[in-house]
file entry-v1.pdb (PDB, C-alpha atoms)
ATOM      1  CA  MET A 159     105.263 104.128 132.278
ATOM      2  CA  SER A 160     103.197 101.250 130.987
ATOM      3  CA  SER A 161     101.568  99.241 133.742
ATOM      4  CA  ARG A 162     101.614  96.124 131.620
ATOM      5  CA  LYS A 163     103.938  93.666 133.215
ATOM      6  CA  SER A 164     105.995  91.371 131.054
ATOM      7  CA  ARG A 165     105.753  87.728 132.004
ATOM      8  CA  SER A 166     109.170  87.042 130.619
ATOM      9  CA  ARG A 167     111.609  85.791 133.205
ATOM     10  CA  GLN A 168     114.339  88.277 133.992
ATOM     11  CA  THR A 169     117.888  87.025 133.778
ATOM     12  CA  GLY A 170     120.535  87.994 136.285
ATOM     13  CA  ALA A 171     121.733  90.708 133.951
ATOM     14  CA  SER A 172     119.372  93.640 133.541
ATOM     15  CA  MET A 173     119.064  93.204 129.779
ATOM     16  CA  ILE A 174     119.724  90.438 127.345
ATOM     17  CA  THR A 175     122.897  91.016 125.390
ATOM     18  CA  ASP A 176     123.240  91.246 121.631
ATOM     19  CA  GLU A 177     125.222  88.046 121.700
ATOM     20  CA  GLN A 178     122.352  86.256 123.396
ATOM     21  CA  ILE A 179     119.876  87.675 120.881
ATOM     22  CA  ASN A 180     121.992  86.373 118.042
ATOM     23  CA  ASP A 181     122.231  83.015 119.746
ATOM     24  CA  LEU A 182     118.449  82.794 120.068
ATOM     25  CA  VAL A 183     118.014  83.785 116.441
ATOM     26  CA  LEU A 184     120.397  81.029 115.381
ATOM     27  CA  GLN A 185     118.425  78.560 117.477
ATOM     28  CA  LEU A 186     115.298  79.724 115.678
ATOM     29  CA  HIS A 187     117.101  79.105 112.420
ATOM     30  CA  ARG A 188     118.117  75.577 113.382
ATOM     31  CA  LEU A 189     114.637  74.732 114.633
ATOM     32  CA  LEU A 190     113.012  75.598 111.321
ATOM     33  CA  PRO A 191     114.516  73.290 108.684
ATOM     34  CA  GLU A 192     112.177  74.667 106.030
ATOM     35  CA  LEU A 193     113.984  77.975 106.233
ATOM     36  CA  ALA A 194     117.337  76.255 105.775
ATOM     37  CA  ASN A 195     116.217  74.969 102.385
ATOM     38  CA  ASN A 196     116.492  78.495 101.051
ATOM     39  CA  ARG A 197     120.009  78.919 102.290
ATOM     40  CA  ARG A 198     122.892  78.793  99.844
ATOM     41  CA  SER A 199     125.873  79.945 101.831
ATOM     42  CA  GLY A 200     126.658  78.459 105.200
ATOM     43  CA  LYS A 201     127.027  81.835 106.823
ATOM     44  CA  VAL A 202     123.972  83.037 108.711
ATOM     45  CA  SER A 203     123.215  86.603 109.721
ATOM     46  CA  ALA A 204     120.688  87.320 112.435
ATOM     47  CA  SER A 205     118.774  89.914 110.448
ATOM     48  CA  ARG A 206     118.584  87.600 107.439
ATOM     49  CA  VAL A 207     117.121  84.801 109.544
ATOM     50  CA  LEU A 208     114.557  87.176 111.013
ATOM     51  CA  GLN A 209     113.543  88.436 107.584
ATOM     52  CA  GLU A 210     113.152  84.909 106.264
ATOM     53  CA  THR A 211     111.157  84.014 109.349
ATOM     54  CA  CYS A 212     108.768  86.888 108.618
ATOM     55  CA  SER A 213     108.369  85.725 105.021
ATOM     56  CA  TYR A 214     107.767  82.178 106.164
ATOM     57  CA  ILE A 215     105.004  83.225 108.579
ATOM     58  CA  ARG A 216     103.359  85.305 105.872
ATOM     59  CA  ASN A 217     103.436  82.333 103.514
ATOM     60  CA  LEU A 218     101.847  80.083 106.109
ATOM     61  CA  SER A 219      99.130  82.664 106.779
ATOM     62  CA  LYS A 220      98.432  82.907 103.057
ATOM     63  CA  GLU A 221      98.078  79.131 102.900
ATOM     64  CA  VAL A 222      95.552  79.222 105.747
ATOM     65  CA  ASP A 223      93.585  81.851 103.804
ATOM     66  CA  ASP A 224      93.627  79.801 100.600
ATOM     67  CA  LEU A 225      92.733  76.561 102.348
ATOM     68  CA  SER A 226      89.900  78.271 104.249
ATOM     69  CA  GLU A 227      88.426  79.422 100.956
ATOM     70  CA  ARG A 228      88.809  75.972  99.428
ATOM     71  CA  LEU A 229      87.256  74.300 102.471
ATOM     72  CA  SER A 230      84.332  76.689 102.313
ATOM     73  CA  GLN A 231      83.587  75.550  98.775
ATOM     74  CA  LEU A 232      83.998  71.870  99.578
ATOM     75  CA  LEU A 233      81.954  71.862 102.766
ATOM     76  CA  GLU A 234      79.120  73.468 100.877
ATOM     77  CA  SER A 235      78.634  70.286  98.889
ATOM     78  CA  THR A 236      79.952  67.419 100.978
ATOM     79  CA  ASP A 237      77.586  64.936 102.584
ATOM     80  CA  SER A 238      77.802  63.393 106.020
ATOM     81  CA  ALA A 239      79.196  60.041 104.875
ATOM     82  CA  GLN A 240      82.127  61.750 103.216
ATOM     83  CA  ALA A 241      82.665  63.900 106.280
ATOM     84  CA  ALA A 242      82.809  60.799 108.451
ATOM     85  CA  LEU A 243      85.380  59.310 106.098
ATOM     86  CA  ILE A 244      87.525  62.422 106.354
ATOM     87  CA  ARG A 245      87.284  62.366 110.103
ATOM     88  CA  SER A 246      88.571  58.816 110.264
ATOM     89  CA  LEU A 247      91.340  59.575 107.771
ATOM     90  CA  LEU A 248      92.565  62.530 109.777
ATOM     91  CA  MET A 249      92.632  60.470 112.931
ATOM     92  CA  GLN A 250      94.900  57.796 111.484
TER
ATOM     93  CA  MET B 127     123.302  82.793 132.522
ATOM     94  CA  ALA B 128     124.988  80.846 129.770
ATOM     95  CA  SER B 129     123.251  80.935 126.409
ATOM     96  CA  ALA B 130     123.402  77.159 126.165
ATOM     97  CA  ASP B 131     121.056  76.900 129.124
ATOM     98  CA  LYS B 132     118.352  78.849 127.364
ATOM     99  CA  LEU B 133     117.295  76.476 124.614
ATOM    100  CA  ILE B 134     114.064  77.267 122.853
ATOM    101  CA  ASN B 135     111.428  74.715 123.758
ATOM    102  CA  THR B 136     109.145  74.186 120.789
ATOM    103  CA  ASP B 137     107.486  70.883 121.556
ATOM    104  CA  VAL B 138     104.060  70.868 119.924
ATOM    105  CA  PRO B 139     101.250  68.299 120.008
ATOM    106  CA  GLU B 140     100.820  65.662 117.336
ATOM    107  CA  LYS B 141      98.885  66.310 114.155
ATOM    108  CA  ASP B 142      95.797  64.447 115.339
ATOM    109  CA  VAL B 143      95.378  66.893 118.229
ATOM    110  CA  PHE B 144      95.209  69.765 115.746
ATOM    111  CA  ALA B 145      92.874  67.759 113.527
ATOM    112  CA  PHE B 146      90.568  66.979 116.426
ATOM    113  CA  HIS B 147      90.270  70.620 117.486
ATOM    114  CA  PHE B 148      89.761  71.851 113.930
ATOM    115  CA  LEU B 149      87.108  69.264 113.088
ATOM    116  CA  GLN B 150      85.358  70.088 116.338
ATOM    117  CA  SER B 151      85.354  73.773 115.408
ATOM    118  CA  LEU B 152      84.024  73.018 111.926
ATOM    119  CA  SER B 153      81.323  70.816 113.397
ATOM    120  CA  ASN B 154      80.236  73.622 115.710
ATOM    121  CA  LEU B 155      80.227  76.010 112.764
ATOM    122  CA  ARG B 156      77.891  73.789 110.790
ATOM    123  CA  LYS B 157      75.460  73.670 113.675
ATOM    124  CA  GLN B 158      75.427  77.431 114.051
ATOM    125  CA  ASN B 159      75.443  78.389 110.380
ATOM    126  CA  PRO B 160      74.396  75.860 107.753
ATOM    127  CA  PHE B 161      76.970  75.786 104.951
ATOM    128  CA  ASP B 162      74.329  75.488 102.244
ATOM    129  CA  THR B 163      73.405  79.169 102.078
ATOM    130  CA  PRO B 164      75.235  80.426  98.981
ATOM    131  CA  ASP B 165      74.691  84.119  99.704
ATOM    132  CA  GLN B 166      77.030  84.042 102.695
ATOM    133  CA  LYS B 167      80.182  82.840 100.980
ATOM    134  CA  ASN B 168      82.580  85.482 102.301
ATOM    135  CA  TYR B 169      81.108  85.208 105.778
ATOM    136  CA  ARG B 170      81.634  81.454 105.717
ATOM    137  CA  VAL B 171      85.260  81.753 104.602
ATOM    138  CA  ARG B 172      86.010  84.167 107.440
ATOM    139  CA  LYS B 173      84.369  81.829 109.928
ATOM    140  CA  ILE B 174      86.429  78.871 108.730
ATOM    141  CA  LYS B 175      89.633  80.881 108.876
ATOM    142  CA  LYS B 176      88.865  82.031 112.394
ATOM    143  CA  ALA B 177      88.021  78.453 113.387
ATOM    144  CA  ALA B 178      91.418  77.387 112.054
ATOM    145  CA  TYR B 179      93.299  79.887 114.199
ATOM    146  CA  VAL B 180      91.232  79.364 117.344
ATOM    147  CA  SER B 181      91.410  75.577 117.161
ATOM    148  CA  MET B 182      95.158  75.836 116.545
ATOM    149  CA  ALA B 183      95.545  77.955 119.674
ATOM    150  CA  ARG B 184      93.541  75.455 121.702
ATOM    151  CA  ALA B 185      95.509  72.493 120.338
ATOM    152  CA  ALA B 186      98.725  74.279 121.260
ATOM    153  CA  GLY B 187      97.630  74.359 124.884
ATOM    154  CA  GLY B 188      95.300  77.319 125.193
ATOM    155  CA  SER B 189      96.837  79.796 127.567
ATOM    156  CA  SER B 190     100.182  78.081 128.018
ATOM    157  CA  ARG B 191     101.798  80.233 125.346
ATOM    158  CA  LEU B 192     101.666  83.975 124.943
ATOM    159  CA  TRP B 193     100.753  83.771 121.264
ATOM    160  CA  SER B 194      97.928  81.280 121.796
ATOM    161  CA  ARG B 195      96.572  83.302 124.695
ATOM    162  CA  ALA B 196      96.604  86.419 122.537
ATOM    163  CA  LEU B 197      94.755  84.615 119.746
ATOM    164  CA  LEU B 198      92.048  83.311 122.068
ATOM    165  CA  ARG B 199      91.649  86.724 123.680
ATOM    166  CA  ARG B 200      91.274  88.300 120.255
ATOM    167  CA  ALA B 201      88.658  85.717 119.288
ATOM    168  CA  ASP B 202      86.688  86.401 122.462
ATOM    169  CA  LYS B 203      86.654  90.094 121.631
ATOM    170  CA  ASP B 204      85.358  89.291 118.153
ATOM    171  CA  ASP B 205      82.576  87.202 119.649
ATOM    172  CA  ASN B 206      81.619  90.071 121.926
ATOM    173  CA  LYS B 207      81.581  92.380 118.915
ATOM    174  CA  ILE B 208      83.917  94.928 120.406
ATOM    175  CA  VAL B 209      84.623  97.384 117.630
ATOM    176  CA  ARG B 210      88.159  98.685 117.316
ATOM    177  CA  PHE B 211      89.081 101.054 114.549
ATOM    178  CA  SER B 212      92.752 101.235 115.405
ATOM    179  CA  ARG B 213      94.800  98.392 116.737
ATOM    180  CA  ARG B 214      96.562  99.162 119.976
ATOM    181  CA  LYS B 215     100.140  97.989 120.054
ATOM    182  CA  TRP B 216     101.701  97.114 123.342
ATOM    183  CA  LYS B 217     105.362  97.894 123.108
ATOM    184  CA  ILE B 218     108.102  97.292 125.596
ATOM    185  CA  SER B 219     108.912 100.677 127.071
ATOM    186  CA  SER B 220     112.049 102.360 125.824
ATOM    187  CA  LYS B 221     113.506 101.984 129.292
ATOM    188  CA  ARG B 222     113.705  98.238 128.800
ATOM    189  CA  ARG B 223     114.895  98.120 125.211
ATOM    190  CA  ARG B 224     118.083  99.740 124.038
ATOM    191  CA  SER B 225     117.296 100.250 120.378
ATOM    192  CA  ASN B 226     120.276 102.526 119.905
ATOM    193  CA  GLN B 227     122.725  99.870 120.975
ATOM    194  CA  ARG B 228     121.498  97.045 118.744
ATOM    195  CA  ALA B 229     122.112  96.626 115.043
ATOM    196  CA  PRO B 230     119.321  98.615 113.342
ATOM    197  CA  VAL B 231     118.658  95.922 110.741
ATOM    198  CA  VAL B 232     118.127  93.240 113.366
ATOM    199  CA  GLU B 233     115.835  95.493 115.367
ATOM    200  CA  GLU B 234     113.829  96.379 112.273
ATOM    201  CA  ALA B 235     113.320  92.716 111.377
ATOM    202  CA  ALA B 236     112.359  91.929 114.971
ATOM    203  CA  GLU B 237     109.754  94.693 114.838
ATOM    204  CA  ARG B 238     108.191  93.161 111.759
ATOM    205  CA  LEU B 239     108.142  89.826 113.528
ATOM    206  CA  ARG B 240     106.214  91.402 116.396
ATOM    207  CA  ASN B 241     103.449  92.318 114.002
ATOM    208  CA  LEU B 242     103.221  88.788 112.625
ATOM    209  CA  VAL B 243     103.206  86.793 115.863
ATOM    210  CA  PRO B 244      99.986  87.140 117.900
ATOM    211  CA  GLY B 245     100.751  89.084 121.053
ATOM    212  CA  GLY B 246     104.221  89.887 119.776
ATOM    213  CA  GLY B 247     103.919  93.573 120.489
ATOM    214  CA  GLY B 248     104.250  93.046 124.205
ATOM    215  CA  MET B 249     107.103  90.563 124.225
ATOM    216  CA  GLU B 250     110.691  91.026 125.163
ATOM    217  CA  THR B 251     112.925  90.125 122.239
ATOM    218  CA  SER B 252     114.176  86.860 123.698
ATOM    219  CA  LYS B 253     110.607  85.797 124.447
ATOM    220  CA  LEU B 254     109.613  86.813 120.934
ATOM    221  CA  MET B 255     112.109  84.341 119.468
ATOM    222  CA  GLU B 256     110.766  81.508 121.576
ATOM    223  CA  GLU B 257     107.121  82.290 120.820
ATOM    224  CA  THR B 258     107.914  82.688 117.123
ATOM    225  CA  ALA B 259     109.475  79.241 116.861
ATOM    226  CA  HIS B 260     106.532  77.628 118.631
ATOM    227  CA  TYR B 261     103.974  79.602 116.599
ATOM    228  CA  ILE B 262     105.570  78.619 113.288
ATOM    229  CA  LYS B 263     105.559  74.953 114.215
ATOM    230  CA  CYS B 264     101.884  75.079 115.179
ATOM    231  CA  LEU B 265     100.930  77.079 112.089
ATOM    232  CA  SER B 266     102.748  74.561 109.887
ATOM    233  CA  MET B 267     100.859  71.729 111.555
ATOM    234  CA  GLN B 268      97.540  73.519 111.063
ATOM    235  CA  VAL B 269      98.274  74.010 107.366
ATOM    236  CA  LYS B 270      98.988  70.290 107.007
ATOM    237  CA  VAL B 271      95.699  69.391 108.695
ATOM    238  CA  MET B 272      93.711  71.716 106.449
ATOM    239  CA  GLN B 273      95.514  70.467 103.339
ATOM    240  CA  CYS B 274      94.734  66.877 104.299
ATOM    241  CA  LEU B 275      91.071  67.782 104.739
ATOM    242  CA  VAL B 276      90.915  69.568 101.386
ATOM    243  CA  ASP B 277      92.595  66.666  99.601
ATOM    244  CA  GLY B 278      90.205  64.191 101.154
ATOM    245  CA  LEU B 279      87.099  66.187 100.319
ATOM    246  CA  SER B 280      88.093  67.058  96.766
ATOM    247  CA  PRO B 281      86.261  65.131  94.042
ATOM    248  CA  LYS B 282      88.346  62.260  92.710
TER
END
call {"tool": "encode", "arguments": {"input": "entry-v1.pdb", "output": "structure tokens"}}
result
Amino acid sequence: MSSRKSRSRQTGASMITDEQINDLVLQLHRLLPELANNRRSGKVSASRVLQETCSYIRNLSKEVDDLSERLSQLLESTDSAQAALIRSLLMQ
Amino acid sequence: MASADKLINTDVPEKDVFAFHFLQSLSNLRKQNPFDTPDQKNYRVRKIKKAAYVSMARAAGGSSRLWSRALLRRADKDDNKIVRFSRRKWKISSKRRRSNQRAPVVEEAAERLRNLVPGGGGMETSKLMEETAHYIKCLSMQVKVMQCLVDGLSPK
């Protein structure tokens, strides 16, 4: 048996029920309005939400990759005055 | 416990907190490795990407979330140059997860989610949902910060 202890709080029941899993998935769906933009029908299936969540995370990770590459190019040529301007802009 | 009592808490800091941490990381990078050495392009991109994820984890509260703790732990290992050829996956033991009794499609999608969320391999499914929602919100915020920086630095 794995000695790694889960920090998750145990509920009174020994295991979370399928109904509770579905409820959590639907909460995830409601909390991420970007995902809802892709939805046509009102009906939501748990597996569909999970699949779209995976796609969404992959898209975000790809954006981080692209932006990292772009930043690398830009920071190679920017001077300190411009950097200070960016800093103040970001802090607005 | 009623399901209504277990709402997912996904409060995340404001955008300027993420911006502060990311700019701080970039500033440290420039001190360590000057950006004006053209032969290290790929190395520089990887450093910036890592800075993005580490600063995001710090902005999110460091060790207050499982995913951010996992990210920071992974970064520390990188800094210590621990070489791993295969990635160990912590999985909840079969005793605590009844895969046979849950819809296979849902379980399959949840497994893919575990691979995408830092530290997801070791999470119970309900915890995975909570950490996923928080992680997505923070990752979205980080993307916005980086996009703002790129727009500002781009030649006009």
call {"tool": "atom_distance", "arguments": {"input": "entry-v1.pdb", "atom1": "atom CA of B:Ile174", "atom2": "atom CA of A:Ser230"}}
result
7.1 Å
call {"tool": "residues_around", "arguments": {"input": "entry-v1.pdb", "residues": "stretch 211-224 of chain A", "least_positions_apart": "3", "cutoff": "10 Å", "atoms": "only C-alpha atoms", "output": "number ranges by chain"}}
result
A: 183, 186-187, 190, 192-193, 205-208, 227-230; B: 171-172, 174-176, 178-179, 235-236, 238-243, 258-259, 261-262, 265-266, 268-270, 272-273
call {"tool": "write_last_selection", "arguments": {"input": "entry-v1.pdb", "atoms": "C-alpha atoms", "output": "PDB file, in the frame of the given file"}}
result
ATOM      1  CA  VAL A 183     118.014  83.785 116.441  1.00  0.00           C
ATOM      2  CA  LEU A 186     115.298  79.724 115.678  1.00  0.00           C
ATOM      3  CA  HIS A 187     117.101  79.105 112.420  1.00  0.00           C
ATOM      4  CA  LEU A 190     113.012  75.598 111.321  1.00  0.00           C
ATOM      5  CA  GLU A 192     112.177  74.667 106.030  1.00  0.00           C
ATOM      6  CA  LEU A 193     113.984  77.975 106.233  1.00  0.00           C
ATOM      7  CA  SER A 205     118.774  89.914 110.448  1.00  0.00           C
ATOM      8  CA  ARG A 206     118.584  87.600 107.439  1.00  0.00           C
ATOM      9  CA  VAL A 207     117.121  84.801 109.544  1.00  0.00           C
ATOM     10  CA  LEU A 208     114.557  87.176 111.013  1.00  0.00           C
ATOM     11  CA  GLU A 227      88.426  79.422 100.956  1.00  0.00           C
ATOM     12  CA  ARG A 228      88.809  75.972  99.428  1.00  0.00           C
ATOM     13  CA  LEU A 229      87.256  74.300 102.471  1.00  0.00           C
ATOM     14  CA  SER A 230      84.332  76.689 102.313  1.00  0.00           C
TER      15      SER A 230
ATOM     16  CA  VAL B 171      85.260  81.753 104.602  1.00  0.00           C
ATOM     17  CA  ARG B 172      86.010  84.167 107.440  1.00  0.00           C
ATOM     18  CA  ILE B 174      86.429  78.871 108.730  1.00  0.00           C
ATOM     19  CA  LYS B 175      89.633  80.881 108.876  1.00  0.00           C
ATOM     20  CA  LYS B 176      88.865  82.031 112.394  1.00  0.00           C
ATOM     21  CA  ALA B 178      91.418  77.387 112.054  1.00  0.00           C
ATOM     22  CA  TYR B 179      93.299  79.887 114.199  1.00  0.00           C
ATOM     23  CA  ALA B 235     113.320  92.716 111.377  1.00  0.00           C
ATOM     24  CA  ALA B 236     112.359  91.929 114.971  1.00  0.00           C
ATOM     25  CA  ARG B 238     108.191  93.161 111.759  1.00  0.00           C
ATOM     26  CA  LEU B 239     108.142  89.826 113.528  1.00  0.00           C
ATOM     27  CA  ARG B 240     106.214  91.402 116.396  1.00  0.00           C
ATOM     28  CA  ASN B 241     103.449  92.318 114.002  1.00  0.00           C
ATOM     29  CA  LEU B 242     103.221  88.788 112.625  1.00  0.00           C
ATOM     30  CA  VAL B 243     103.206  86.793 115.863  1.00  0.00           C
ATOM     31  CA  THR B 258     107.914  82.688 117.123  1.00  0.00           C
ATOM     32  CA  ALA B 259     109.475  79.241 116.861  1.00  0.00           C
ATOM     33  CA  TYR B 261     103.974  79.602 116.599  1.00  0.00           C
ATOM     34  CA  ILE B 262     105.570  78.619 113.288  1.00  0.00           C
ATOM     35  CA  LEU B 265     100.930  77.079 112.089  1.00  0.00           C
ATOM     36  CA  SER B 266     102.748  74.561 109.887  1.00  0.00           C
ATOM     37  CA  GLN B 268      97.540  73.519 111.063  1.00  0.00           C
ATOM     38  CA  VAL B 269      98.274  74.010 107.366  1.00  0.00           C
ATOM     39  CA  LYS B 270      98.988  70.290 107.007  1.00  0.00           C
ATOM     40  CA  MET B 272      93.711  71.716 106.449  1.00  0.00           C
ATOM     41  CA  GLN B 273      95.514  70.467 103.339  1.00  0.00           C
TER      42      GLN B 273
END
call {"tool": "atom_distance", "arguments": {"input": "entry-v1.pdb", "atom1": "atom CA of B:Asp142", "atom2": "atom CA of B:Gln158"}}
result
24.2 Å
call {"tool": "closest_residue", "arguments": {"input": "entry-v1.pdb", "among": "B:Leu254, B:Leu279, B:Val143, B:Leu149", "to": "A:Ser235", "atoms": "all atoms listed in the file"}}
result
B:Leu279
call {"tool": "atom_distance", "arguments": {"input": "entry-v1.pdb", "atom1": "atom CA of B:His147", "atom2": "atom CA of A:Glu234"}}
result
20.2 Å
call {"tool": "residues_around", "arguments": {"input": "entry-v1.pdb", "residues": "B:Gly187", "least_positions_apart": "3", "cutoff": "12 Å", "atoms": "all atoms listed in the file", "output": "PyMOL selection string"}}
result
chain B and resi 137-140+143-144+147+180-184+190-195+197-198+260-261+264
call {"tool": "resolve_selection", "arguments": {"input": "entry-v1.pdb", "expression": "the PyMOL selection byres ((chain B and resi 245) around 6)", "output": "ChimeraX atom specification"}}
result
/B:193,196,244,246-247
call {"tool": "closest_residue", "arguments": {"input": "entry-v1.pdb", "among": "A:Arg188, A:Ser203, A:Glu177, A:Ser226", "to": "chain B", "atoms": "only C-alpha atoms"}}
result
A:Ser226
call {"tool": "closest_residue", "arguments": {"input": "entry-v1.pdb", "among": "B:Lys173, B:Lys253, B:Lys167, B:Arg156", "to": "B:Asp205", "atoms": "all atoms listed in the file"}}
result
B:Lys173
call {"tool": "residues_around", "arguments": {"input": "entry-v1.pdb", "residues": "A:Ala204", "least_positions_apart": "6", "cutoff": "7 Å", "atoms": "all atoms listed in the file", "output": "list in words"}}
result
Asn180, Val183 and Leu184 of chain A; Val232 of chain B
